[in-house]
file upload-v7.txt (compact mmCIF, C-alpha atoms)
# COMPACT_ATOMS: atom_id res chain seq x y z
CA MET Q 1 -50.64 -27.41 35.41
CA SER Q 2 -49.33 -26.06 38.71
CA SER Q 3 -46.57 -24.14 36.90
CA LEU Q 4 -49.05 -22.22 34.74
CA PRO Q 5 -50.33 -18.81 35.87
CA LEU Q 6 -53.85 -20.17 36.57
CA ALA Q 7 -53.73 -19.81 40.38
CA SER Q 8 -54.37 -23.57 40.68
CA ASN Q 9 -51.64 -25.29 42.69
CA LEU Q 10 -52.20 -29.04 42.36
CA ILE Q 11 -48.94 -29.94 44.13
CA PRO Q 12 -48.74 -29.38 47.93
CA ILE Q 13 -45.22 -27.90 47.63
CA GLU Q 14 -44.44 -24.19 47.77
CA ARG Q 15 -41.16 -22.45 47.09
CA GLY Q 16 -40.36 -18.78 46.71
CA LEU Q 17 -38.77 -17.86 43.37
CA THR Q 18 -35.96 -15.56 44.47
CA THR Q 19 -33.91 -13.35 42.13
CA SER Q 20 -30.94 -15.74 42.20
CA SER Q 21 -33.20 -18.68 41.35
CA THR Q 22 -34.81 -16.80 38.47
CA ALA Q 23 -31.43 -15.80 37.05
CA ILE Q 24 -30.69 -19.48 36.46
CA PHE Q 25 -33.33 -19.54 33.71
CA ILE Q 26 -33.11 -16.07 32.15
CA PRO Q 27 -29.97 -13.86 31.83
CA PHE Q 28 -31.68 -10.58 32.75
CA THR Q 29 -28.42 -8.58 32.63
CA THR Q 30 -27.56 -9.44 29.01
CA GLN Q 31 -27.25 -6.52 26.61
CA GLU Q 32 -28.15 -7.06 22.98
CA LEU Q 33 -27.10 -5.33 19.75
CA PHE Q 34 -29.50 -5.81 16.87
CA GLN Q 35 -30.22 -3.12 14.29
CA GLY Q 36 -32.20 -3.18 11.07
CA GLY Q 37 -31.48 -1.78 7.62
CA GLN Q 38 -28.01 -2.45 6.20
CA ALA Q 39 -26.69 -3.83 9.49
CA LEU Q 40 -23.76 -6.26 9.34
CA TYR Q 41 -23.27 -9.53 11.22
CA TYR Q 42 -20.59 -9.41 13.93
CA GLY Q 43 -20.93 -12.85 15.51
CA LEU Q 44 -23.05 -14.19 18.37
CA ASN Q 45 -23.57 -12.71 21.81
CA ALA Q 46 -21.49 -15.02 24.04
CA LEU Q 47 -24.09 -14.77 26.84
CA SER Q 48 -27.39 -15.13 24.99
CA ASN Q 49 -26.31 -16.69 21.66
CA ASN Q 50 -28.33 -14.02 19.85
CA MET Q 51 -26.94 -12.50 16.66
CA ILE Q 52 -25.07 -9.19 16.81
CA MET Q 53 -26.24 -7.04 13.90
CA VAL Q 54 -25.08 -3.41 13.77
CA ASP Q 55 -24.38 -0.64 11.27
CA ARG Q 56 -21.15 1.23 12.09
CA ARG Q 57 -22.27 4.12 9.92
CA LYS Q 58 -24.92 4.97 12.53
CA LEU Q 59 -22.30 5.57 15.22
CA LYS Q 60 -21.46 9.12 16.24
CA ASN Q 61 -17.89 8.25 15.30
CA PRO Q 62 -17.62 5.08 13.12
CA ASN Q 63 -13.80 4.89 13.31
CA GLY Q 64 -12.66 1.45 14.41
CA LEU Q 65 -9.83 -0.66 15.79
CA ILE Q 66 -9.26 -4.42 15.74
CA LEU Q 67 -6.89 -5.41 18.55
CA GLY Q 68 -5.46 -8.82 19.45
CA THR Q 69 -2.41 -11.00 19.84
CA PRO Q 70 -0.95 -12.80 16.78
CA GLY Q 71 -3.19 -15.69 15.78
CA SER Q 72 -6.27 -14.38 17.60
CA GLY Q 73 -8.13 -13.70 14.34
CA LYS Q 74 -7.63 -9.96 13.66
CA SER Q 75 -7.13 -10.16 9.90
CA PHE Q 76 -9.84 -12.80 9.57
CA LEU Q 77 -12.42 -10.58 11.30
CA ALA Q 78 -11.39 -7.66 9.08
CA LYS Q 79 -11.89 -9.84 5.97
CA ARG Q 80 -15.27 -11.00 7.20
CA GLU Q 81 -16.41 -7.41 7.71
CA ILE Q 82 -15.01 -6.45 4.28
CA THR Q 83 -17.02 -9.29 2.70
CA ASN Q 84 -20.19 -8.24 4.52
CA VAL Q 85 -19.77 -4.58 3.52
CA PHE Q 86 -19.18 -5.62 -0.08
CA LEU Q 87 -22.37 -7.71 -0.18
CA VAL Q 88 -24.71 -5.65 2.02
CA CYS Q 89 -23.67 -2.08 1.12
CA PRO Q 90 -23.40 -2.04 -2.70
CA ASP Q 91 -22.77 1.71 -2.94
CA ASP Q 92 -19.84 1.79 -0.49
CA THR Q 93 -16.15 1.75 -1.48
CA ILE Q 94 -13.61 -0.46 0.33
CA LEU Q 95 -9.85 0.31 0.33
CA ILE Q 96 -7.19 -1.82 2.03
CA CYS Q 97 -3.54 -1.20 2.90
CA ASP Q 98 -1.99 -4.68 2.98
CA PRO Q 99 1.65 -4.77 4.19
CA GLU Q 100 1.78 -8.59 4.40
CA ALA Q 101 -0.02 -9.66 1.17
CA GLU Q 102 -2.85 -11.38 3.09
CA TYR Q 103 -5.93 -10.01 1.35
CA ALA Q 104 -5.33 -10.70 -2.36
CA PRO Q 105 -7.15 -14.11 -2.53
CA LEU Q 106 -10.34 -12.63 -1.07
CA ILE Q 107 -10.17 -9.45 -3.19
CA ASN Q 108 -9.69 -11.50 -6.36
CA ALA Q 109 -12.62 -13.75 -5.41
CA LEU Q 110 -14.82 -10.65 -5.09
CA HIS Q 111 -13.49 -9.29 -8.44
CA GLY Q 112 -11.78 -6.35 -6.78
CA GLN Q 113 -8.55 -4.61 -7.83
CA VAL Q 114 -5.27 -5.75 -6.26
CA VAL Q 115 -2.50 -3.16 -6.71
CA HIS Q 116 0.91 -4.79 -6.29
CA ILE Q 117 3.41 -2.05 -5.50
CA ALA Q 118 7.04 -3.21 -5.62
CA ALA Q 119 10.36 -2.44 -7.31
CA ASN Q 120 9.73 -5.10 -10.00
CA SER Q 121 6.03 -4.36 -10.45
CA HIS Q 122 4.36 -2.45 -13.27
CA ASP Q 123 1.55 -1.16 -11.03
CA TYR Q 124 2.27 2.50 -10.32
CA VAL Q 125 0.72 4.98 -7.91
CA ASN Q 126 1.64 8.65 -8.24
CA PRO Q 127 2.11 10.33 -4.81
CA LEU Q 128 1.39 13.71 -6.45
CA ASP Q 129 -2.12 12.74 -7.58
CA ILE Q 130 -4.69 15.40 -6.68
CA ASN Q 131 -8.34 16.11 -7.47
CA MET Q 132 -10.35 19.31 -7.22
CA ASN Q 133 -12.32 17.93 -4.24
CA TYR Q 134 -9.12 17.13 -2.31
CA SER Q 135 -9.82 19.80 0.32
CA GLU Q 136 -12.97 21.29 1.81
CA ASP Q 137 -11.29 24.71 1.54
CA ASP Q 138 -10.97 26.79 -1.62
CA SER Q 139 -7.43 25.58 -2.30
CA PRO Q 140 -6.86 21.79 -2.47
CA LEU Q 141 -3.18 22.56 -3.11
CA GLN Q 142 -2.66 23.70 0.47
CA LEU Q 143 -3.60 20.31 1.94
CA LYS Q 144 -1.60 18.49 -0.75
CA SER Q 145 1.41 20.64 0.12
CA GLU Q 146 1.18 19.47 3.74
CA PHE Q 147 1.21 15.85 2.59
CA ILE Q 148 4.24 16.34 0.32
CA LEU Q 149 6.11 18.08 3.17
CA SER Q 150 5.37 15.03 5.36
CA LEU Q 151 6.72 12.88 2.53
CA PHE Q 152 9.96 14.90 2.45
CA GLU Q 153 10.31 14.70 6.24
CA LEU Q 154 10.10 10.92 5.98
CA ILE Q 155 12.61 10.84 3.11
CA MET Q 156 15.10 13.22 4.73
CA GLY Q 157 15.28 11.29 7.98
CA ARG Q 158 15.92 12.36 11.53
CA ASN Q 159 17.30 15.80 10.81
CA GLY Q 160 14.02 16.71 9.12
CA ILE Q 161 13.46 19.88 7.12
CA GLU Q 162 14.61 23.34 8.13
CA GLY Q 163 12.28 26.33 7.89
CA GLU Q 164 13.97 27.71 4.77
CA GLU Q 165 13.86 24.32 3.06
CA ARG Q 166 10.14 24.09 3.86
CA SER Q 167 9.54 27.36 2.01
CA ILE Q 168 11.56 26.16 -1.00
CA ILE Q 169 9.60 22.89 -1.19
CA ASP Q 170 6.28 24.69 -0.84
CA GLN Q 171 7.23 27.07 -3.68
CA ALA Q 172 8.31 24.14 -5.84
CA ILE Q 173 5.00 22.34 -5.21
CA ARG Q 174 2.96 25.36 -6.25
CA SER Q 175 5.00 25.75 -9.43
CA VAL Q 176 4.84 22.14 -10.63
CA TYR Q 177 1.06 22.00 -10.14
CA GLN Q 178 0.36 25.15 -12.18
CA PRO Q 179 -0.03 23.35 -15.55
CA TYR Q 180 -2.49 20.85 -14.04
CA LEU Q 181 -4.52 23.46 -12.17
CA ALA Q 182 -4.74 25.54 -15.36
CA ASP Q 183 -5.81 22.50 -17.43
CA PRO Q 184 -6.72 19.48 -15.22
CA LYS Q 185 -6.12 16.59 -17.59
CA PRO Q 186 -4.18 13.37 -16.72
CA GLU Q 187 -1.09 14.17 -18.82
CA ASN Q 188 -0.61 17.44 -16.90
CA MET Q 189 -0.48 15.69 -13.52
CA PRO Q 190 3.05 16.24 -12.12
CA ILE Q 191 5.31 13.44 -10.86
CA LEU Q 192 8.27 13.42 -8.46
CA GLU Q 193 10.67 14.03 -11.36
CA ASP Q 194 9.00 17.39 -12.08
CA LEU Q 195 9.56 18.38 -8.46
CA TYR Q 196 13.16 17.14 -8.63
CA ASN Q 197 13.90 19.10 -11.82
CA TYR Q 198 12.47 22.31 -10.36
CA LEU Q 199 14.60 21.96 -7.20
CA LEU Q 200 17.69 21.17 -9.26
CA ALA Q 201 17.23 24.32 -11.33
CA TYR Q 202 16.49 26.47 -8.27
CA ASP Q 203 19.50 28.69 -7.55
CA HIS Q 204 19.97 27.92 -3.86
CA PRO Q 205 22.31 25.47 -2.06
CA LYS Q 206 19.50 24.13 0.14
CA ALA Q 207 17.39 23.37 -2.94
CA LYS Q 208 20.33 21.36 -4.31
CA ARG Q 209 20.50 19.44 -1.01
CA ILE Q 210 16.80 18.56 -1.20
CA ALA Q 211 17.14 17.53 -4.85
CA THR Q 212 20.13 15.31 -4.01
CA THR Q 213 18.10 13.56 -1.28
CA LEU Q 214 15.22 13.05 -3.72
CA GLU Q 215 17.42 11.75 -6.56
CA ILE Q 216 17.39 8.09 -5.45
CA TYR Q 217 13.56 8.19 -5.56
CA VAL Q 218 13.60 9.66 -9.08
CA HIS Q 219 16.53 8.14 -10.99
CA GLY Q 220 17.86 5.65 -8.43
CA SER Q 221 16.90 2.18 -7.21
CA LEU Q 222 13.89 3.48 -5.22
CA ASN Q 223 12.10 5.12 -8.17
CA VAL Q 224 8.92 3.03 -7.83
CA PHE Q 225 6.88 6.17 -7.02
CA ASN Q 226 8.22 8.28 -9.91
CA HIS Q 227 5.44 7.36 -12.34
CA ARG Q 228 1.93 8.48 -13.16
CA THR Q 229 -0.83 6.24 -11.82
CA ASN Q 230 -1.46 3.57 -14.47
CA ILE Q 231 -4.05 1.36 -12.72
CA ASP Q 232 -7.80 1.57 -12.35
CA LEU Q 233 -8.55 2.86 -8.86
CA THR Q 234 -12.27 3.34 -9.57
CA ASN Q 235 -13.13 -0.25 -8.55
CA ARG Q 236 -15.22 -0.20 -5.36
CA LEU Q 237 -12.87 -2.78 -3.80
CA VAL Q 238 -9.15 -1.93 -4.01
CA CYS Q 239 -6.28 -3.60 -2.12
CA PHE Q 240 -2.79 -2.05 -2.05
CA ASP Q 241 -0.29 -4.90 -1.63
CA ILE Q 242 3.02 -3.40 -0.42
CA LYS Q 243 4.69 -6.50 1.03
CA ASP Q 244 7.56 -6.45 -1.49
CA LEU Q 245 8.39 -2.75 -1.11
CA GLY Q 246 11.16 -3.52 1.35
CA LYS Q 247 12.05 -1.82 4.60
CA GLN Q 248 13.24 1.44 2.98
CA LEU Q 249 10.00 2.07 1.12
CA LYS Q 250 7.25 0.37 3.15
CA LYS Q 251 6.51 3.29 5.48
CA LEU Q 252 6.70 5.67 2.53
CA GLY Q 253 4.30 3.42 0.66
CA MET Q 254 1.84 3.35 3.55
CA LEU Q 255 1.87 7.16 3.73
CA ILE Q 256 1.25 7.44 -0.04
CA ILE Q 257 -1.61 4.93 0.17
CA GLN Q 258 -3.20 6.97 2.97
CA ASP Q 259 -3.11 9.98 0.65
CA GLN Q 260 -4.67 7.96 -2.18
CA VAL Q 261 -7.42 6.93 0.22
CA TRP Q 262 -7.94 10.57 1.19
CA GLY Q 263 -8.37 11.44 -2.48
CA ARG Q 264 -10.96 8.66 -2.95
CA VAL Q 265 -12.84 9.72 0.19
CA THR Q 266 -13.16 13.27 -1.09
CA GLU Q 267 -14.43 12.02 -4.47
CA ASN Q 268 -17.00 9.73 -2.82
CA ARG Q 269 -18.21 12.49 -0.55
CA THR Q 270 -19.57 14.47 -3.50
CA ALA Q 271 -21.42 11.30 -4.61
CA HIS Q 272 -22.75 10.74 -1.03
CA LYS Q 273 -20.97 7.39 -0.74
CA HIS Q 274 -19.16 5.94 2.27
CA THR Q 275 -15.52 4.82 2.04
CA TRP Q 276 -14.24 2.01 4.29
CA PHE Q 277 -10.47 1.99 4.82
CA TYR Q 278 -8.62 -0.92 6.45
CA CYS Q 279 -4.97 -0.60 7.47
CA ASP Q 280 -3.34 -3.84 8.62
CA GLU Q 281 -0.15 -3.79 10.72
CA PHE Q 282 -1.30 -0.35 11.85
CA HIS Q 283 1.54 -0.06 14.39
CA LEU Q 284 4.01 0.43 11.50
CA LEU Q 285 2.39 3.80 10.78
CA LEU Q 286 2.52 4.88 14.41
CA LYS Q 287 6.28 4.42 14.76
CA GLU Q 288 7.18 7.34 12.48
CA GLU Q 289 6.20 10.88 13.44
CA GLN Q 290 5.04 11.84 9.94
CA THR Q 291 2.91 8.75 9.24
CA ALA Q 292 1.50 8.82 12.79
CA ALA Q 293 0.48 12.48 12.41
CA TYR Q 294 -1.24 11.73 9.08
CA SER Q 295 -3.08 8.77 10.67
CA VAL Q 296 -4.30 10.99 13.51
CA GLU Q 297 -5.56 13.50 10.93
CA ILE Q 298 -7.50 10.73 9.17
CA TRP Q 299 -9.12 9.62 12.44
CA LYS Q 300 -10.11 13.23 13.18
CA ARG Q 301 -11.43 14.27 9.77
CA PHE Q 302 -12.69 11.18 7.90
CA ARG Q 303 -16.04 11.02 9.71
CA LYS Q 304 -17.53 14.18 8.18
CA TRP Q 305 -16.30 13.10 4.73
CA GLY Q 306 -18.06 9.72 4.91
CA GLY Q 307 -14.84 7.81 5.64
CA ILE Q 308 -14.77 4.79 7.99
CA PRO Q 309 -11.14 3.92 8.88
CA THR Q 310 -10.17 0.73 10.73
CA GLY Q 311 -6.72 0.09 12.20
CA ILE Q 312 -5.64 -3.53 12.77
CA THR Q 313 -2.78 -4.05 15.21
CA GLN Q 314 -1.37 -6.25 17.95
CA ASN Q 315 0.60 -3.45 19.63
CA VAL Q 316 -1.75 -1.65 21.97
CA LYS Q 317 1.16 0.22 23.55
CA ASP Q 318 1.80 1.99 20.24
CA LEU Q 319 -1.77 3.35 20.31
CA LEU Q 320 -1.07 4.97 23.67
CA GLY Q 321 2.53 5.89 22.93
CA SER Q 322 1.92 9.64 22.90
CA ARG Q 323 -0.84 12.09 23.71
CA GLU Q 324 -1.33 12.80 20.00
CA ILE Q 325 -1.68 9.14 19.03
CA GLU Q 326 -4.13 8.60 21.89
CA ASN Q 327 -6.57 10.64 19.78
CA ILE Q 328 -6.92 7.60 17.52
CA PHE Q 329 -8.00 5.52 20.49
CA GLU Q 330 -10.34 8.19 21.84
CA ASN Q 331 -11.90 8.83 18.41
CA SER Q 332 -12.84 5.18 17.83
CA ASP Q 333 -16.37 4.19 18.88
CA PHE Q 334 -16.02 0.71 17.38
CA ILE Q 335 -13.41 -1.64 18.86
CA TYR Q 336 -13.09 -5.35 18.18
CA MET Q 337 -10.98 -6.69 21.05
CA LEU Q 338 -9.70 -10.26 20.75
CA ASN Q 339 -7.30 -12.15 23.01
CA GLN Q 340 -4.87 -9.73 24.69
CA ALA Q 341 -1.40 -10.13 26.17
CA SER Q 342 -1.17 -9.65 29.93
CA GLY Q 343 0.45 -6.20 29.80
CA ASP Q 344 -2.00 -4.94 27.17
CA ARG Q 345 -5.01 -6.17 29.17
CA GLN Q 346 -4.15 -3.90 32.09
CA ILE Q 347 -3.62 -0.90 29.79
CA LEU Q 348 -6.95 -1.47 28.05
CA ALA Q 349 -8.83 -2.09 31.30
CA LYS Q 350 -7.71 1.31 32.55
CA ALA Q 351 -8.24 3.16 29.24
CA LEU Q 352 -11.71 1.68 28.52
CA ASN Q 353 -12.94 1.10 32.08
CA ILE Q 354 -13.33 -2.66 31.56
CA SER Q 355 -14.45 -4.71 34.58
CA THR Q 356 -12.55 -7.77 35.78
CA HIS Q 357 -15.37 -10.02 34.56
CA GLN Q 358 -15.37 -8.45 31.08
CA LEU Q 359 -11.59 -8.75 30.98
CA SER Q 360 -11.96 -12.52 31.31
CA TYR Q 361 -13.37 -12.62 27.75
CA VAL Q 362 -10.02 -11.42 26.33
CA THR Q 363 -7.86 -13.55 28.63
CA ASN Q 364 -6.66 -16.74 26.91
CA SER Q 365 -9.71 -16.57 24.65
CA GLY Q 366 -10.03 -18.69 21.52
CA GLU Q 367 -9.86 -17.53 17.89
CA GLY Q 368 -12.70 -15.16 17.00
CA GLU Q 369 -13.73 -14.60 20.63
CA GLY Q 370 -13.52 -11.41 22.68
CA LEU Q 371 -15.27 -8.13 23.42
CA LEU Q 372 -17.09 -5.82 21.02
CA PHE Q 373 -17.26 -2.11 21.88
CA TYR Q 374 -20.05 -0.33 20.01
CA GLY Q 375 -20.48 3.20 21.30
CA ASN Q 376 -21.31 2.82 25.00
CA VAL Q 377 -22.20 -0.88 24.71
CA ILE Q 378 -19.72 -3.66 25.56
CA ILE Q 379 -20.71 -7.18 24.53
CA PRO Q 380 -18.74 -10.46 24.69
CA PHE Q 381 -18.90 -12.19 21.30
CA ARG Q 382 -17.84 -15.36 19.55
CA ASP Q 383 -17.60 -15.77 15.81
CA HIS Q 384 -16.80 -19.26 14.56
CA PHE Q 385 -16.84 -18.95 10.79
CA PRO Q 386 -18.04 -22.06 8.86
CA HIS Q 387 -15.21 -23.86 7.04
CA ASN Q 388 -17.29 -24.77 3.98
CA THR Q 389 -17.61 -21.24 2.51
CA LEU Q 390 -14.93 -18.55 2.03
CA TYR Q 391 -12.90 -19.74 5.01
CA HIS Q 392 -9.88 -21.03 3.09
CA ILE Q 393 -9.31 -17.81 1.16
CA MET Q 394 -9.75 -15.72 4.31
CA SER Q 395 -7.58 -17.71 6.72
CA THR Q 396 -3.92 -16.71 7.15
CA LYS Q 397 -2.85 -20.06 8.61
CA LEU Q 398 -0.27 -21.70 6.37
CA THR Q 399 -1.99 -25.10 6.56
CA GLU Q 400 -5.40 -23.67 5.64
CA THR Q 401 -4.68 -21.14 2.88
CA THR Q 402 -5.30 -21.92 -0.78

call {"tool": "encode", "arguments": {"input": "upload-v7.txt", "output": "structure tokens"}}
result
Amino acid sequence: MSSLPLASNLIPIERGLTTSSTAIFIPFTTQELFQGGQALYYGLNALSNNMIMVDRRKLKNPNGLILGTPGSGKSFLAKREITNVFLVCPDDTILICDPEAEYAPLINALHGQVVHIAANSHDYVNPLDINMNYSEDDSPLQLKSEFILSLFELIMGRNGIEGEERSIIDQAIRSVYQPYLADPKPENMPILEDLYNYLLAYDHPKAKRIATTLEIYVHGSLNVFNHRTNIDLTNRLVCFDIKDLGKQLKKLGMLIIQDQVWGRVTENRTAHKHTWFYCDEFHLLLKEEQTAAYSVEIWKRFRKWGGIPTGITQNVKDLLGSREIENIFENSDFIYMLNQASGDRQILAKALNISTHQLSYVTNSGEGEGLLFYGNVIIPFRDHFPHNTLYHIMSTKLTETT
């Protein structure tokens, strides 16, 4: 009775309730994240045990990163968000670039489309695919030309493309697309062989040099991308499995997938649908100038087209490797930070202004534990997924996978 606010003290003991004493009972400094509507579950607040429910689409910039050491739960958290998006946001499209063949069991369970791209596969993706919504400008061909030039720079290696060769390639691109632009039906869509044939017939020694470089990708052992797209990419859940592409083609494959994603984003924009794009092993894209530049462009432009990209990587240093790539970091208002290596912790503390106390949540933390950055809010979280549901098709541990 004496503890009730009735002004009737029946116990002859008095004690002042100071701030430090009160803090024992109630964590006054705890921030919460709980939104309504189509908000997704992102674990429990490690301080208050309240649910974290947010909608990334409401952020000023919904671009995201999932960072953590190997085994900290990066891919698992990505799969959990993919599952939540699939169930909670029925109109949204989800696309995944999977360099390590980790996502297929989950995608199959959700009746999505797994595209297996490899030398011995019969799933083909045409790098020259284009749609009339490909660019916000009047000419979608101009943006496609930039992509194909990036493709040639990657193919032609360190020496790159000279100015004159750039002009020849650009002219070839415009010529091979003329039949499709005049009559946009699937059989008129050009392939790499059409580009190769045009360059071969072009009366210029530099054109012959470009054609010779391209030959292995048309008639040689690396001709996996010299076909028209023969798979259904209209499924709202599509995973591009490129594990078996090999070292020579993997980076090329990741660049081509990014372009396919761009095409899908532009299509969805006209239908007022969001497109979620997940790129695992994101550091592979940042090591090459051409793929890094294309990734930066995605992080800059996807927002206004309804795209929500998420990079998943363990190499924080690659994200801060150059001033240009830093744009990816600066243009991400959603960061899932799991356990971090010692060197990476110091880099992130400086880049994100993380306090020493907050840093403790990503120091030797357990699986599915860390810090969540949502706009200007930083919350420690823990997410221990129950083992009796989808766990075994989401886990990447060898002893737990099915």

call {"tool": "residues_around", "arguments": {"input": "upload-v7.txt", "residues": "Arg301 (chain Q)", "least_positions_apart": "2", "cutoff": "12 Å", "atoms": "only C-alpha atoms", "output": "compact mmCIF listing (two decimals) with C-alpha atoms, in the coordinates of the input"}}
result
# COMPACT_ATOMS: atom_id res chain seq x y z
CA ASN Q 61 -17.89 8.25 15.30
CA PRO Q 62 -17.62 5.08 13.12
CA ASN Q 63 -13.80 4.89 13.31
CA SER Q 135 -9.82 19.80 0.32
CA GLU Q 136 -12.97 21.29 1.81
CA TRP Q 262 -7.94 10.57 1.19
CA VAL Q 265 -12.84 9.72 0.19
CA THR Q 266 -13.16 13.27 -1.09
CA TYR Q 294 -1.24 11.73 9.08
CA SER Q 295 -3.08 8.77 10.67
CA VAL Q 296 -4.30 10.99 13.51
CA GLU Q 297 -5.56 13.50 10.93
CA ILE Q 298 -7.50 10.73 9.17
CA TRP Q 299 -9.12 9.62 12.44
CA ARG Q 303 -16.04 11.02 9.71
CA LYS Q 304 -17.53 14.18 8.18
CA TRP Q 305 -16.30 13.10 4.73
CA GLY Q 306 -18.06 9.72 4.91
CA GLY Q 307 -14.84 7.81 5.64
CA ILE Q 308 -14.77 4.79 7.99
CA PRO Q 309 -11.14 3.92 8.88
CA ASN Q 327 -6.57 10.64 19.78
CA ILE Q 328 -6.92 7.60 17.52
CA ASN Q 331 -11.90 8.83 18.41

call {"tool": "residues_around", "arguments": {"input": "upload-v7.txt", "residues": "Tyr41 (chain Q)", "least_positions_apart": "4", "cutoff": "7 Å", "atoms": "only C-alpha atoms", "output": "list in words"}}
result
Ile52, Met53 and Val54 of chain Q

call {"tool": "atom_distance", "arguments": {"input": "upload-v7.txt", "atom1": "CA of Gln113 (chain Q)", "atom2": "CA of Val238 (chain Q)"}}
result
4.7 Å

call {"tool": "atom_distance", "arguments": {"input": "upload-v7.txt", "atom1": "CA of Glu281 (chain Q)", "atom2": "CA of Arg56 (chain Q)"}}
result
21.6 Å

call {"tool": "closest_residue", "arguments": {"input": "upload-v7.txt", "among": "Q:Phe282, Q:Tyr196, Q:Tyr374, Q:Ala271", "to": "Gln35 (chain Q)", "atoms": "only C-alpha atoms"}}
result
Q:Tyr374

call {"tool": "atom_distance", "arguments": {"input": "upload-v7.txt", "atom1": "CA of Phe86 (chain Q)", "atom2": "CA of Thr389 (chain Q)"}}
result
15.9 Å

call {"tool": "residues_near_point", "arguments": {"input": "upload-v7.txt", "point": "(-22.4, -8.2, 25.5)", "cutoff": "10 Å", "atoms": "all atoms listed in the file", "output": "list in words"}}
result
Thr29, Thr30, Gln31, Glu32, Leu33, Leu44, Asn45, Ala46, Leu47, Ser48, Ile52, Gln358, Gly370, Leu371, Leu372, Phe373, Tyr374, Val377, Ile378, Ile379, Pro380 and Phe381 of chain Q

call {"tool": "closest_residue", "arguments": {"input": "upload-v7.txt", "among": "Q:Leu65, Q:Leu106, Q:Ile11, Q:Ile94", "to": "Ile312 (chain Q)", "atoms": "all atoms listed in the file"}}
result
Q:Leu65

call {"tool": "closest_atom_pairs", "arguments": {"input": "upload-v7.txt", "of": "region 208-234 of chain Q", "to": "region 152-167 of chain Q", "cutoff": "10 Å", "atoms": "all atoms listed in the file", "output": "JSON lines"}}
result
{"residue": "Q:Arg209", "atom": "CA", "partner": "Q:Glu165", "partner_atom": "CA", "distance": 9.2}
{"residue": "Q:Ile210", "atom": "CA", "partner": "Q:Glu165", "partner_atom": "CA", "distance": 7.7}
{"residue": "Q:Thr213", "atom": "CA", "partner": "Q:Met156", "partner_atom": "CA", "distance": 6.7}
{"residue": "Q:Leu214", "atom": "CA", "partner": "Q:Ile155", "partner_atom": "CA", "distance": 7.6}
{"residue": "Q:Tyr217", "atom": "CA", "partner": "Q:Ile155", "partner_atom": "CA", "distance": 9.1}

call {"tool": "residues_around", "arguments": {"input": "upload-v7.txt", "residues": "Pro386 (chain Q)", "least_positions_apart": "3", "cutoff": "12 Å", "atoms": "only C-alpha atoms", "output": "list in words"}}
result
Gly43, Arg80, Gly368, Asp383, Thr389, Leu390, Tyr391, His392, Met394 and Ser395 of chain Q

call {"tool": "residues_around", "arguments": {"input": "upload-v7.txt", "residues": "Leu195 (chain Q)", "least_positions_apart": "2", "cutoff": "9 Å", "atoms": "only C-alpha atoms", "output": "JSON, numbers by chain"}}
result
{"Q": [169, 172, 173, 175, 176, 190, 191, 192, 193, 197, 198, 199, 200, 211]}

call {"tool": "closest_residue", "arguments": {"input": "upload-v7.txt", "among": "Q:Asp183, Q:Asp92, Q:Glu100, Q:Asp203", "to": "Ile168 (chain Q)", "atoms": "all atoms listed in the file"}}
result
Q:Asp203

call {"tool": "residues_around", "arguments": {"input": "upload-v7.txt", "residues": "Leu255 (chain Q)", "least_positions_apart": "5", "cutoff": "12 Å", "atoms": "only C-alpha atoms", "output": "PyMOL selection string"}}
result
chain Q and resi 97+99+125+127+147-155+225+240+242+249-250+260-262+279+282+284-286+288-295+298

call {"tool": "write_last_selection", "arguments": {"input": "upload-v7.txt", "atoms": "C-alpha atoms", "output": "short mmCIF file (atom, residue, chain, number, x, y, z; two decimals), in the frame of the given file"}}
result
data_model
loop_
_atom_site.label_atom_id
_atom_site.label_comp_id
_atom_site.auth_asym_id
_atom_site.auth_seq_id
_atom_site.Cartn_x
_atom_site.Cartn_y
_atom_site.Cartn_z
CA CYS Q 97 -3.54 -1.20 2.90
CA PRO Q 99 1.65 -4.77 4.19
CA VAL Q 125 0.72 4.98 -7.91
CA PRO Q 127 2.11 10.33 -4.81
CA PHE Q 147 1.21 15.85 2.59
CA ILE Q 148 4.24 16.34 0.32
CA LEU Q 149 6.11 18.08 3.17
CA SER Q 150 5.37 15.03 5.36
CA LEU Q 151 6.72 12.88 2.53
CA PHE Q 152 9.96 14.90 2.45
CA GLU Q 153 10.31 14.70 6.24
CA LEU Q 154 10.10 10.92 5.98
CA ILE Q 155 12.61 10.84 3.11
CA PHE Q 225 6.88 6.17 -7.02
CA PHE Q 240 -2.79 -2.05 -2.05
CA ILE Q 242 3.02 -3.40 -0.42
CA LEU Q 249 10.00 2.07 1.12
CA LYS Q 250 7.25 0.37 3.15
CA GLN Q 260 -4.67 7.96 -2.18
CA VAL Q 261 -7.42 6.93 0.22
CA TRP Q 262 -7.94 10.57 1.19
CA CYS Q 279 -4.97 -0.60 7.47
CA PHE Q 282 -1.30 -0.35 11.85
CA LEU Q 284 4.01 0.43 11.50
CA LEU Q 285 2.39 3.80 10.78
CA LEU Q 286 2.52 4.88 14.41
CA GLU Q 288 7.18 7.34 12.48
CA GLU Q 289 6.20 10.88 13.44
CA GLN Q 290 5.04 11.84 9.94
CA THR Q 291 2.91 8.75 9.24
CA ALA Q 292 1.50 8.82 12.79
CA ALA Q 293 0.48 12.48 12.41
CA TYR Q 294 -1.24 11.73 9.08
CA SER Q 295 -3.08 8.77 10.67
CA ILE Q 298 -7.50 10.73 9.17
#

call {"tool": "axis_aligned_box", "arguments": {"input": "upload-v7.txt", "around": "region 367-371 of chain Q", "padding_each_side": "8 Å", "output": "JSON"}}
result
{"center_x": -12.6, "center_y": -12.8, "center_z": 20.2, "size_x": 21.4, "size_y": 25.4, "size_z": 22.4}
